[in-house]
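One file, target10.cif, is given below (mmCIF, C-alpha atoms (C1' of nucleotides)).
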data_run
loop_
_atom_site.label_atom_id
_atom_site.label_comp_id
_atom_site.auth_asym_id
_atom_site.auth_seq_id
_atom_site.Cartn_x
_atom_site.Cartn_y
_atom_site.Cartn_z
CA MET A 60 75.94 131.34 -32.23
CA ALA A 61 73.53 130.69 -35.08
CA ARG A 62 75.61 130.18 -38.19
CA VAL A 63 74.49 131.89 -41.34
CA GLY A 64 76.51 129.74 -43.69
CA LEU A 65 78.87 132.26 -45.17
CA THR A 66 80.98 131.19 -48.09
CA THR A 67 83.45 132.95 -50.29
CA GLU A 68 81.09 132.09 -53.12
CA ARG A 69 78.06 133.60 -51.43
CA LEU A 70 79.99 136.70 -50.45
CA VAL A 71 81.12 137.24 -54.00
CA ARG A 72 77.60 136.84 -55.38
CA ALA A 73 76.19 139.22 -52.80
CA GLY A 74 79.04 141.58 -53.55
CA ALA A 75 78.14 141.51 -57.24
CA GLU A 76 74.55 142.37 -56.41
CA LEU A 77 75.64 145.12 -54.11
CA ALA A 78 77.85 146.48 -56.89
CA ASP A 79 74.89 146.57 -59.25
CA GLU A 80 72.86 148.48 -56.70
CA VAL A 81 75.33 151.04 -55.43
CA GLY A 82 78.22 150.98 -57.87
CA PHE A 83 81.33 148.86 -57.81
CA ASP A 84 83.47 151.36 -55.98
CA GLN A 85 80.84 151.65 -53.27
CA VAL A 86 81.15 147.96 -52.49
CA ILE A 87 81.96 147.98 -48.83
CA VAL A 88 82.75 145.04 -46.61
CA SER A 89 80.67 146.30 -43.73
CA GLU A 90 77.57 146.70 -45.88
CA LEU A 91 77.96 143.12 -47.01
CA ALA A 92 78.19 141.99 -43.40
CA ARG A 93 75.05 143.96 -42.61
CA ARG A 94 73.19 142.20 -45.39
CA PHE A 95 74.13 138.83 -44.03
CA GLY A 96 73.22 139.90 -40.51
CA VAL A 97 76.71 139.17 -39.37
CA LYS A 98 79.57 141.09 -37.79
CA VAL A 99 82.12 142.56 -40.13
CA ALA A 100 85.06 140.63 -38.79
CA SER A 101 83.35 137.39 -39.72
CA LEU A 102 83.82 138.05 -43.40
CA TYR A 103 87.55 138.02 -43.00
CA SER A 104 87.57 134.24 -42.68
CA HIS A 105 86.22 133.96 -46.21
CA VAL A 106 87.91 136.82 -47.95
CA LYS A 107 91.41 138.17 -47.40
CA ASN A 108 90.43 141.81 -47.43
CA SER A 109 88.46 144.40 -49.32
CA GLN A 110 90.74 144.25 -52.34
CA ASP A 111 90.50 140.49 -52.47
CA LEU A 112 86.73 140.70 -52.44
CA LYS A 113 86.71 143.16 -55.30
CA THR A 114 89.07 141.06 -57.35
CA ARG A 115 86.85 138.05 -56.84
CA ILE A 116 83.80 140.01 -57.93
CA ALA A 117 85.70 141.05 -61.04
CA LEU A 118 86.63 137.47 -61.87
CA PHE A 119 83.06 136.38 -61.26
CA ALA A 120 81.74 139.02 -63.63
CA LEU A 121 84.22 138.05 -66.32
CA GLU A 122 83.18 134.46 -65.95
CA GLU A 123 79.49 135.29 -66.31
CA LEU A 124 80.16 137.48 -69.28
CA ALA A 125 82.27 134.86 -71.01
CA ASP A 126 79.62 132.20 -70.43
CA LEU A 127 76.85 134.36 -71.83
CA SER A 128 79.00 135.33 -74.79
CA ALA A 129 79.95 131.77 -75.58
CA ASP A 130 76.29 130.85 -75.62
CA ALA A 131 75.35 133.76 -77.82
CA VAL A 132 78.11 133.24 -80.34
CA ALA A 133 77.72 129.48 -80.67
CA GLY A 134 76.61 128.54 -84.16
CA ARG A 135 76.94 132.04 -85.54
CA ALA A 136 79.49 133.63 -87.82
CA GLY A 137 80.29 136.92 -89.48
CA LYS A 138 78.16 139.90 -88.67
CA ASP A 139 75.70 137.66 -86.91
CA ALA A 140 78.34 136.56 -84.45
CA LEU A 141 79.72 140.06 -84.07
CA THR A 142 76.30 141.45 -83.24
CA ALA A 143 75.45 138.67 -80.85
CA PHE A 144 78.71 139.11 -79.00
CA ALA A 145 78.40 142.87 -78.82
CA ASN A 146 74.82 142.72 -77.64
CA VAL A 147 75.64 140.36 -74.83
CA TYR A 148 78.17 142.85 -73.60
CA ARG A 149 75.83 145.81 -73.82
CA ASP A 150 72.89 143.96 -72.32
CA TYR A 151 75.04 142.75 -69.48
CA ALA A 152 76.22 146.28 -68.88
CA HIS A 153 72.61 147.45 -68.70
CA ALA A 154 71.45 144.67 -66.42
CA HIS A 155 74.55 144.66 -64.23
CA PRO A 156 76.31 148.01 -64.24
CA GLY A 157 78.26 147.19 -61.12
CA ARG A 158 79.54 143.93 -62.50
CA VAL A 159 80.77 145.40 -65.77
CA ALA A 160 82.52 148.03 -63.75
CA ALA A 161 84.05 145.20 -61.78
CA ALA A 162 85.10 143.47 -64.97
CA ARG A 163 87.09 146.58 -65.80
CA LEU A 164 89.11 146.35 -62.62
CA ARG A 165 92.82 146.36 -63.22
CA LEU A 166 94.07 142.85 -62.46
CA ASP A 167 97.67 141.92 -62.03
CA PRO A 168 99.02 140.05 -65.03
CA GLU A 169 98.90 136.50 -63.61
CA THR A 170 95.37 136.93 -62.33
CA ALA A 171 94.30 138.39 -65.64
CA ALA A 172 95.93 135.53 -67.51
CA ALA A 173 93.96 133.02 -65.45
CA SER A 174 90.68 134.89 -65.79
CA ALA A 175 87.80 134.42 -68.17
CA GLY A 176 89.06 137.55 -69.89
CA VAL A 177 91.23 135.42 -72.11
CA ARG A 178 88.19 133.40 -73.15
CA LEU A 179 86.52 136.64 -74.19
CA ALA A 180 89.55 137.61 -76.22
CA GLN A 181 89.63 134.21 -77.89
CA MET A 182 85.99 134.57 -78.86
CA MET A 183 86.68 137.88 -80.49
CA ARG A 184 89.50 136.33 -82.45
CA ALA A 185 87.20 133.53 -83.51
CA ILE A 186 84.63 136.01 -84.71
CA LEU A 187 87.27 137.88 -86.65
CA ARG A 188 88.29 134.74 -88.47
CA GLY A 189 85.05 135.22 -90.38
CA TYR A 190 86.46 138.43 -91.80
CA ASP A 191 89.89 137.07 -92.55
CA LEU A 192 92.29 139.85 -91.80
CA PRO A 193 96.06 139.39 -92.12
CA GLU A 194 97.62 138.64 -88.74
CA PRO A 195 98.93 141.85 -87.34
CA ASP A 196 95.64 143.51 -88.26
CA GLN A 197 93.63 140.86 -86.51
CA THR A 198 95.10 141.97 -83.22
CA HIS A 199 94.46 145.59 -84.05
CA ALA A 200 90.87 144.71 -84.82
CA VAL A 201 90.45 142.83 -81.55
CA ARG A 202 91.64 145.88 -79.74
CA LEU A 203 89.39 148.16 -81.74
CA LEU A 204 86.33 146.08 -81.01
CA GLY A 205 87.22 145.68 -77.37
CA SER A 206 87.77 149.40 -76.98
CA THR A 207 84.59 150.33 -78.73
CA PHE A 208 82.28 147.93 -76.91
CA HIS A 209 83.89 148.73 -73.63
CA GLY A 210 83.88 152.44 -74.26
CA TYR A 211 80.32 152.54 -75.49
CA ALA A 212 78.96 150.63 -72.54
CA SER A 213 81.01 152.78 -70.23
CA LEU A 214 79.85 156.10 -71.66
CA GLU A 215 76.29 154.88 -71.92
CA GLY A 216 76.38 153.73 -68.33
CA ALA A 217 77.74 157.09 -67.25
CA GLY A 218 74.71 158.69 -68.83
CA GLY A 219 76.69 160.17 -71.70
CA PHE A 220 74.10 159.42 -74.35
CA SER A 221 70.90 159.85 -72.42
CA HIS A 222 68.62 162.81 -72.96
CA SER A 223 69.93 163.41 -76.43
CA SER A 224 68.61 162.14 -79.71
CA PRO A 225 68.87 159.90 -81.59
CA ASP A 226 68.39 157.37 -78.89
CA SER A 227 71.29 155.29 -77.78
CA GLY A 228 69.94 152.02 -79.13
CA ALA A 229 69.83 153.44 -82.65
CA SER A 230 73.46 154.52 -82.45
CA TRP A 231 74.45 151.10 -81.19
CA THR A 232 72.85 149.38 -84.17
CA ARG A 233 74.44 151.73 -86.66
CA ILE A 234 77.80 151.42 -84.99
CA LEU A 235 77.67 147.65 -85.30
CA ASP A 236 76.78 148.07 -88.99
CA ALA A 237 79.72 150.39 -89.35
CA LEU A 238 82.15 148.07 -87.60
CA ASP A 239 80.99 145.15 -89.70
CA SER A 240 81.48 147.22 -92.82
CA LEU A 241 84.90 148.31 -91.61
CA LEU A 242 86.01 144.74 -90.99
CA ARG A 243 84.86 143.68 -94.44
CA ASN A 244 86.78 146.57 -96.00
CA TRP A 245 89.75 146.74 -93.71
CA PRO A 246 92.15 149.32 -95.12
CA THR A 247 95.78 148.66 -95.88
CA PRO A 248 98.18 151.11 -94.23
CA PRO A 249 98.15 154.36 -96.18
CA SER A 250 101.45 155.03 -97.94
CA THR A 251 103.28 157.92 -96.32
CA GLY A 252 103.72 160.69 -98.80
CA MET B 503 98.83 180.11 -37.02
CA ALA B 504 100.96 180.34 -40.16
CA ARG B 505 98.61 180.36 -43.12
CA VAL B 506 99.49 178.18 -46.03
CA GLY B 507 97.27 179.94 -48.52
CA LEU B 508 94.83 177.21 -49.36
CA THR B 509 92.48 177.82 -52.25
CA THR B 510 89.85 175.75 -53.93
CA GLU B 511 91.96 176.14 -57.05
CA ARG B 512 95.14 174.91 -55.38
CA LEU B 513 93.33 172.01 -53.79
CA VAL B 514 91.92 170.92 -57.11
CA ARG B 515 95.31 171.10 -58.80
CA ALA B 516 96.94 169.14 -56.00
CA GLY B 517 94.05 166.70 -56.13
CA ALA B 518 94.66 166.19 -59.85
CA GLU B 519 98.32 165.46 -59.19
CA LEU B 520 97.43 163.10 -56.41
CA ALA B 521 95.02 161.34 -58.74
CA ASP B 522 97.79 160.86 -61.29
CA GLU B 523 100.01 159.37 -58.63
CA VAL B 524 97.69 157.05 -56.78
CA GLY B 525 94.61 156.75 -58.97
CA PHE B 526 91.49 158.86 -59.00
CA ASP B 527 89.53 156.69 -56.61
CA GLN B 528 92.37 156.84 -54.10
CA VAL B 529 92.10 160.59 -53.91
CA ILE B 530 91.59 161.14 -50.25
CA VAL B 531 90.95 164.40 -48.47
CA SER B 532 93.28 163.61 -45.61
CA GLU B 533 96.19 162.86 -47.92
CA LEU B 534 95.67 166.22 -49.54
CA ALA B 535 95.72 167.90 -46.15
CA ARG B 536 98.94 166.08 -45.33
CA ARG B 537 100.54 167.37 -48.48
CA PHE B 538 99.69 170.91 -47.59
CA GLY B 539 100.89 170.40 -44.04
CA VAL B 540 97.49 171.31 -42.75
CA LYS B 541 94.79 169.68 -40.65
CA VAL B 542 92.06 167.85 -42.52
CA ALA B 543 89.22 169.98 -41.27
CA SER B 544 90.84 173.02 -42.84
CA LEU B 545 90.08 171.80 -46.32
CA TYR B 546 86.39 171.92 -45.63
CA SER B 547 86.36 175.69 -45.91
CA HIS B 548 87.43 175.41 -49.53
CA VAL B 549 85.62 172.32 -50.65
CA LYS B 550 82.19 171.11 -49.65
CA ASN B 551 83.19 167.50 -49.18
CA SER B 552 85.02 164.63 -50.77
CA GLN B 553 82.51 164.30 -53.59
CA ASP B 554 82.71 167.99 -54.33
CA LEU B 555 86.48 167.78 -54.57
CA LYS B 556 86.29 164.90 -57.00
CA THR B 557 83.75 166.66 -59.16
CA ARG B 558 85.99 169.72 -59.31
CA ILE B 559 88.95 167.58 -60.32
CA ALA B 560 86.82 166.07 -63.06
CA LEU B 561 85.81 169.48 -64.37
CA PHE B 562 89.40 170.63 -64.23
CA ALA B 563 90.56 167.65 -66.25
CA LEU B 564 87.85 168.18 -68.86
CA GLU B 565 88.91 171.79 -69.15
CA GLU B 566 92.56 170.89 -69.65
CA LEU B 567 91.68 168.26 -72.17
CA ALA B 568 89.43 170.59 -74.14
CA ASP B 569 92.10 173.29 -74.19
CA LEU B 570 94.75 170.91 -75.44
CA SER B 571 92.40 169.49 -78.04
CA ALA B 572 91.37 172.89 -79.31
CA ASP B 573 95.01 173.78 -79.78
CA ALA B 574 95.80 170.56 -81.56
CA VAL B 575 92.85 170.69 -83.90
CA ALA B 576 93.19 174.34 -84.88
CA GLY B 577 94.02 174.68 -88.52
CA ARG B 578 93.60 171.00 -89.30
CA ALA B 579 90.91 169.09 -91.10
CA GLY B 580 90.01 165.57 -92.16
CA LYS B 581 92.22 162.76 -91.02
CA ASP B 582 94.79 165.25 -89.84
CA ALA B 583 92.33 166.73 -87.40
CA LEU B 584 91.00 163.35 -86.36
CA THR B 585 94.48 162.09 -85.59
CA ALA B 586 95.50 165.20 -83.75
CA PHE B 587 92.40 165.09 -81.60
CA ALA B 588 92.74 161.42 -80.85
CA ASN B 589 96.39 161.72 -79.98
CA VAL B 590 95.77 164.50 -77.54
CA TYR B 591 93.36 162.25 -75.73
CA ARG B 592 95.69 159.31 -75.66
CA ASP B 593 98.74 161.34 -74.70
CA TYR B 594 96.80 163.01 -71.94
CA ALA B 595 95.70 159.61 -70.69
CA HIS B 596 99.32 158.46 -70.60
CA ALA B 597 100.62 161.56 -68.91
CA HIS B 598 97.71 161.94 -66.52
CA PRO B 599 95.99 158.65 -65.85
CA GLY B 600 94.29 159.96 -62.75
CA ARG B 601 92.88 162.97 -64.53
CA VAL B 602 91.41 161.00 -67.42
CA ALA B 603 89.82 158.74 -64.88
CA ALA B 604 88.44 161.86 -63.26
CA ALA B 605 87.13 163.06 -66.60
CA ARG B 606 85.11 159.86 -66.77
CA LEU B 607 83.35 160.59 -63.51
CA ARG B 608 79.60 160.51 -63.82
CA LEU B 609 78.39 164.09 -63.53
CA ASP B 610 74.82 165.10 -62.96
CA PRO B 611 73.23 166.50 -66.13
CA GLU B 612 73.44 170.22 -65.30
CA THR B 613 77.07 169.96 -64.23
CA ALA B 614 77.87 168.00 -67.35
CA ALA B 615 76.08 170.54 -69.52
CA ALA B 616 78.18 173.33 -68.04
CA SER B 617 81.44 171.42 -68.34
CA ALA B 618 84.13 171.50 -70.99
CA GLY B 619 82.77 168.14 -72.07
CA VAL B 620 80.41 169.90 -74.43
CA ARG B 621 83.36 171.71 -76.00
CA LEU B 622 84.96 168.34 -76.65
CA ALA B 623 81.79 167.07 -78.26
CA GLN B 624 81.56 170.15 -80.44
CA MET B 625 85.11 169.64 -81.62
CA MET B 626 84.33 166.10 -82.65
CA ARG B 627 81.34 167.34 -84.61
CA ALA B 628 83.53 169.94 -86.27
CA ILE B 629 86.03 167.28 -87.26
CA LEU B 630 83.28 165.14 -88.66
CA ARG B 631 82.10 167.95 -90.89
CA GLY B 632 85.18 167.16 -92.94
CA TYR B 633 83.70 163.76 -93.71
CA ASP B 634 80.22 165.01 -94.42
CA LEU B 635 77.88 162.40 -93.08
CA PRO B 636 74.10 162.83 -93.18
CA GLU B 637 72.80 164.11 -89.86
CA PRO B 638 71.62 161.16 -87.86
CA ASP B 639 74.84 159.37 -88.74
CA GLN B 640 76.95 162.26 -87.60
CA THR B 641 75.74 161.70 -84.08
CA HIS B 642 76.34 157.99 -84.36
CA ALA B 643 79.86 158.70 -85.52
CA VAL B 644 80.50 161.09 -82.65
CA ARG B 645 79.46 158.37 -80.28
CA LEU B 646 81.58 155.78 -82.04
CA LEU B 647 84.67 157.93 -81.90
CA GLY B 648 84.06 158.91 -78.32
CA SER B 649 83.55 155.32 -77.29
CA THR B 650 86.61 154.11 -79.10
CA PHE B 651 89.02 156.74 -77.87
CA HIS B 652 87.68 156.49 -74.39
CA GLY B 653 87.66 152.72 -74.42
CA TYR B 654 91.11 152.42 -75.88
CA ALA B 655 92.67 154.76 -73.39
CA SER B 656 90.83 153.02 -70.62
CA LEU B 657 91.90 149.51 -71.58
CA GLU B 658 95.42 150.64 -72.31
CA GLY B 659 95.59 152.35 -68.94
CA ALA B 660 94.33 149.21 -67.24
CA GLY B 661 97.25 147.36 -68.78
CA GLY B 662 95.07 145.47 -71.21
CA PHE B 663 97.46 145.75 -74.13
CA SER B 664 100.77 145.61 -72.41
CA HIS B 665 103.04 142.60 -72.64
CA SER B 666 101.45 141.45 -75.86
CA SER B 667 102.51 142.17 -79.38
CA PRO B 668 102.11 144.08 -81.57
CA ASP B 669 102.80 147.02 -79.34
CA SER B 670 99.98 149.27 -78.37
CA GLY B 671 101.20 152.27 -80.33
CA ALA B 672 101.04 150.31 -83.57
CA SER B 673 97.46 149.30 -82.93
CA TRP B 674 96.55 152.87 -82.17
CA THR B 675 97.91 154.09 -85.50
CA ARG B 676 96.16 151.39 -87.45
CA ILE B 677 92.92 151.99 -85.59
CA LEU B 678 93.01 155.64 -86.52
CA ASP B 679 93.62 154.64 -90.13
CA ALA B 680 90.67 152.31 -89.90
CA LEU B 681 88.37 154.89 -88.38
CA ASP B 682 89.33 157.43 -91.00
CA SER B 683 88.64 154.90 -93.70
CA LEU B 684 85.33 154.03 -92.08
CA LEU B 685 84.25 157.66 -91.95
CA ARG B 686 85.14 158.15 -95.60
CA ASN B 687 83.13 155.06 -96.54
CA TRP B 688 80.34 155.28 -94.04
CA PRO B 689 77.86 152.51 -94.85
CA THR B 690 74.18 153.06 -95.44
CA PRO B 691 71.94 150.91 -93.22
CA PRO B 692 71.85 147.39 -94.63
CA SER B 693 68.44 146.45 -96.03
CA THR B 694 66.78 143.87 -93.82
CA GLY B 695 66.17 140.72 -95.81
"C1'" DC C 1062 76.95 108.38 -28.82
"C1'" DT C 1063 80.75 110.68 -27.03
"C1'" DA C 1064 85.50 112.91 -27.64
"C1'" DG C 1065 88.40 115.59 -30.44
"C1'" DT C 1066 89.09 118.63 -34.08
"C1'" DT C 1067 87.88 121.95 -37.19
"C1'" DT C 1068 85.73 126.00 -38.46
"C1'" DG C 1069 82.32 129.89 -38.13
"C1'" DC C 1070 81.03 133.75 -36.06
"C1'" DC C 1071 81.82 136.56 -32.05
"C1'" DT C 1072 83.94 140.50 -29.06
"C1'" DA C 1073 87.56 143.78 -28.54
"C1'" DA C 1074 90.50 147.01 -30.17
"C1'" DA C 1075 93.56 149.85 -33.08
"C1'" DA C 1076 94.03 152.89 -36.76
"C1'" DG C 1077 92.40 155.77 -40.59
"C1'" DC C 1078 88.90 158.57 -43.13
"C1'" DT C 1079 85.00 162.11 -43.37
"C1'" DT C 1080 82.42 165.64 -41.67
"C1'" DT C 1081 80.46 169.14 -38.32
"C1'" DA C 1082 80.92 172.69 -34.63
"C1'" DG C 1083 83.09 176.12 -32.42
"C1'" DG C 1084 87.34 179.09 -31.45
"C1'" DC C 1085 91.51 182.02 -31.95
"C1'" DA C 1086 94.47 184.64 -34.82
"C1'" DA C 1087 95.97 186.50 -39.06
"C1'" DA C 1088 94.75 189.25 -42.95
"C1'" DT C 1089 91.83 192.81 -44.93
"C1'" DG C 1090 89.18 197.13 -45.06
"C1'" DC C 1091 87.84 201.49 -43.34
"C1'" DG D 478 94.08 201.46 -35.10
"C1'" DC D 479 89.75 198.94 -34.92
"C1'" DA D 480 86.25 195.90 -36.82
"C1'" DT D 481 85.34 192.37 -39.81
"C1'" DT D 482 86.29 188.68 -42.48
"C1'" DT D 483 88.47 184.55 -43.29
"C1'" DG D 484 91.88 180.69 -42.55
"C1'" DC D 485 93.40 177.17 -39.99
"C1'" DC D 486 92.94 175.02 -35.55
"C1'" DT D 487 91.08 171.58 -31.81
"C1'" DA D 488 87.55 168.46 -30.51
"C1'" DA D 489 84.48 164.99 -31.33
"C1'" DA D 490 81.23 161.66 -33.49
"C1'" DG D 491 80.50 158.12 -36.65
"C1'" DC D 492 82.02 155.52 -40.27
"C1'" DT D 493 85.37 152.10 -42.43
"C1'" DT D 494 89.06 148.22 -42.51
"C1'" DT D 495 91.77 144.87 -40.39
"C1'" DT D 496 94.02 141.87 -36.71
"C1'" DA D 497 93.84 138.91 -32.51
"C1'" DG D 498 91.91 135.87 -29.63
"C1'" DG D 499 87.76 133.12 -27.84
"C1'" DC D 500 83.58 130.18 -27.51
"C1'" DA D 501 80.46 127.14 -29.56
"C1'" DA D 502 78.56 124.70 -33.39
"C1'" DA D 503 79.39 121.31 -36.71
"C1'" DC D 504 81.80 117.75 -38.60
"C1'" DT D 505 84.87 113.19 -37.88
"C1'" DA D 506 86.28 109.42 -35.34
"C1'" DG D 507 86.22 105.63 -32.63
#

Could you render the structure as C-alpha cells?
Amino acid sequence: MARVGLTTERLVRAGAELADEVGFDQVIVSELARRFGVKVASLYSHVKNSQDLKTRIALFALEELADLSADAVAGRAGKDALTAFANVYRDYAHAHPGRVAAARLRLDPETAAASAGVRLAQMMRAILRGYDLPEPDQTHAVRLLGSTFHGYASLEGAGGFSHSSPDSGASWTRILDALDSLLRNWPTPPSTG
Amino acid sequence: MARVGLTTERLVRAGAELADEVGFDQVIVSELARRFGVKVASLYSHVKNSQDLKTRIALFALEELADLSADAVAGRAGKDALTAFANVYRDYAHAHPGRVAAARLRLDPETAAASAGVRLAQMMRAILRGYDLPEPDQTHAVRLLGSTFHGYASLEGAGGFSHSSPDSGASWTRILDALDSLLRNWPTPPSTG
DNA sequence: CTAGTTTGCCTAAAAGCTTTAGGCAAATGC
DNA sequence: GCATTTGCCTAAAGCTTTTAGGCAAACTAG
C-alpha cells in the first residue's frame, strides 16, 4: 500500500528529533513508526533493532557535532579556538539535549574508532598545540577538557545549575578563562616529599 | 504463601546491585522480582512504580557517596582534601558504575534539594575554603570541579580512555595536580580589549 | 509496454515489561 | 483467640520489541 519512503537515514534523523523531545533513553521504535504513520514491523527493514537505531543516532550526533566544531575552530587558535570549540559543544547540548545524550552512548571499540568522535579528539589536540604542552601532558589535557565540557553540559542539562546564582552562563565563561589560564601555566608534577 | 520479607529498603539495595551489574537503565522491575523469587505485582506494594524505584536508587547512591566523601575529607584540607574527595568519587564510579549512573538521574527540584546531593555540594565548598577564592568564583569553581569529576568518571566508565596510553590513572593524578594548581592561581577575569 | 525482480510495508504472532484490581493467608495487635 | 493489617498472589489489559511470511508497488529488462 502507499509507500512512505522510509530510509535508514530518515529514521535516524527522526530518531534524533525524537530524542531531543523526549530524551534519548525514551527513544522507542514504536513511537517512530507512529510518527511515520507506518506499522512498527516496517522499520525493521531499515534498522536491525532498537539498539542499532540508537547507535546510529549516536553516530549521527557525533558527526553533526564534529562538523559544527570543525567550522567553528577553522582559522582560530589559542583561547579563541578553545572557546569556539567549547561553545559549540555547549550550544549543541542546549539545542539538542537528546543528541548529546546519544553522543555519550557507549560504543564498542571498533564503532567508536570509525566514528566522528576521533575527529573531535583530533581537533582538541590541534587546539592544544597552541599551548604547547609536553606529550604525555597533552593527552592528560585532552582528557581534562573532554571531561569538563562533557560534565558541564551534562550537569547543566540535568538542571544542576538552574535556579541558583550566579547564572550558568557566567560560570561557563569563567571556567573557560580558568582552563585557558591553566593550559598556559600547566604545572609540572609536584615532587613527592 | 511463604513471605520473603520484601521492603522498600531491600528493593532499593537490590536495585542498586542490579544497576551495577547490568547498567542503571537496564534496571527492570521484573528482574528484581525474579531475584526475590516473587511475582512482579508484589513489588508494587513497596514501590510506586518503575520511576519511583529508580529515583530511590538514585537517592540511595547519593547518600552512600556523601557518606564516603565525608569520611574521606574529615581532617583534611587543601589539595589533600581535594584529592581525597575526588578519589572517593572515582573509586565509587569504578566499584559501582550503576549507582553513579543512578546518582546522575535528573531529579525534580524538591527531591534534589532534599537529597544528599546538597551535602556533596557543601563539602566541595568546604574544600574550596582552603583555596580562598572571592565569592562569585567559588561557585564557578564548585561547578568546574563537579563537572570535571563527573565528566571524567562518566567518560572513563563509557570506556573513553581505555586502550589508549597513557593509562587513565595517570591522567587522573595529573588532572588533580592541575586543578589544585588552578585553584591556587585562580585567574582574574581577563580585561576585554 | 509488459514480465520479472526487488523491495517496502503489511498482517500475524510470540514473548516480555509495567501497572491496576481484587483476593487469600500470614503476621500483628488486643 | 479474634480482628485487623499487610504481604504476596492471580488475573488481566496495554504497552514494547522482534521474527516470519505475504502482497503489491516500484524499479529493470527486454

Hey, could you make a per-residue contact list for chain A against chain D with 9 Å as the cut-off, showing the nearest pair of atoms and its distance in Å to one decimal, counting all atoms listed in the file, sorted by chain and number, as a tab-separated table?
residue	atom	partner	partner_atom	distance
A:Met60	CA	D:DA501	C1'	6.7
A:Ala61	CA	D:DA502	C1'	8.0
A:Arg62	CA	D:DA502	C1'	7.9
A:Ile87	CA	D:DT493	C1'	8.3
A:Val88	CA	D:DT494	C1'	8.2
A:Ser89	CA	D:DT493	C1'	7.6
A:Ala100	CA	D:DT495	C1'	8.1
A:Tyr103	CA	D:DT495	C1'	8.5
A:Asn108	CA	D:DT495	C1'	7.8
A:Ser109	CA	D:DT494	C1'	7.8

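The shortest atom-to-atom distance to chain B, with only C-alpha atoms taken into account, belongs to A:His209 out of A:His209, A:Arg243, A:His222, A:Arg188.
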
Chain C residues near chain A (10 Å cut-off, all atoms listed in the file) as number ranges by chain: C: 1068-1072

Taking only residues of chain B that have an atom at most 6 Å from an atom of chain A, what is each one's shortest atom pair and its distance in Å to one decimal, using all atoms listed in the file, in chain and number order, as a tab-separated table?
residue	atom	partner	partner_atom	distance
B:Arg608	CA	A:Ala217	CA	5.2
B:His642	CA	A:Ser230	CA	4.9
B:Ser649	CA	A:Gly210	CA	4.2
B:Thr650	CA	A:Thr207	CA	4.3
B:His652	CA	A:Gly210	CA	5.6
B:Gly653	CA	A:Gly210	CA	3.8
B:Tyr654	CA	A:Ser206	CA	4.6
B:Ala660	CA	A:Arg165	CA	5.2
B:Ser673	CA	A:His199	CA	4.9
B:Leu684	CA	A:Leu241	CA	5.8

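Coordinates place CA of Leu192 in chain A at a distance of 28.0 Å from CA of Ala162 in chain A.
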
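In this model, the gap between CA of Ala73 in chain A and CA of Ser174 in chain A comes to 19.9 Å.
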
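Going from CA of Gly82 in chain A over to CA of Gly157 in chain A, you cover 5.0 Å.
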
Evaluate the PyMOL selection byres ((chain A and resi 128) around 8) and report residues as a ChimeraX atom specification: /A:124-127,129-132,143-144,147-148,179

Which residue, B:Thr557, B:Thr510, B:Asn589, B:Ser693, has the smallest gap to Thr613 in chain B when you use only C-alpha atoms? B:Thr557

Could you write out as AutoDock Vina command-line options the box around range 643-661 of chain B (axis-aligned, all atoms listed in the file, 3 Å on each side), with centre and edge lengths in Å to one decimal?
--center_x 88.4 --center_y 154.2 --center_z -76.4 --size_x 23.8 --size_y 19.7 --size_z 24.3
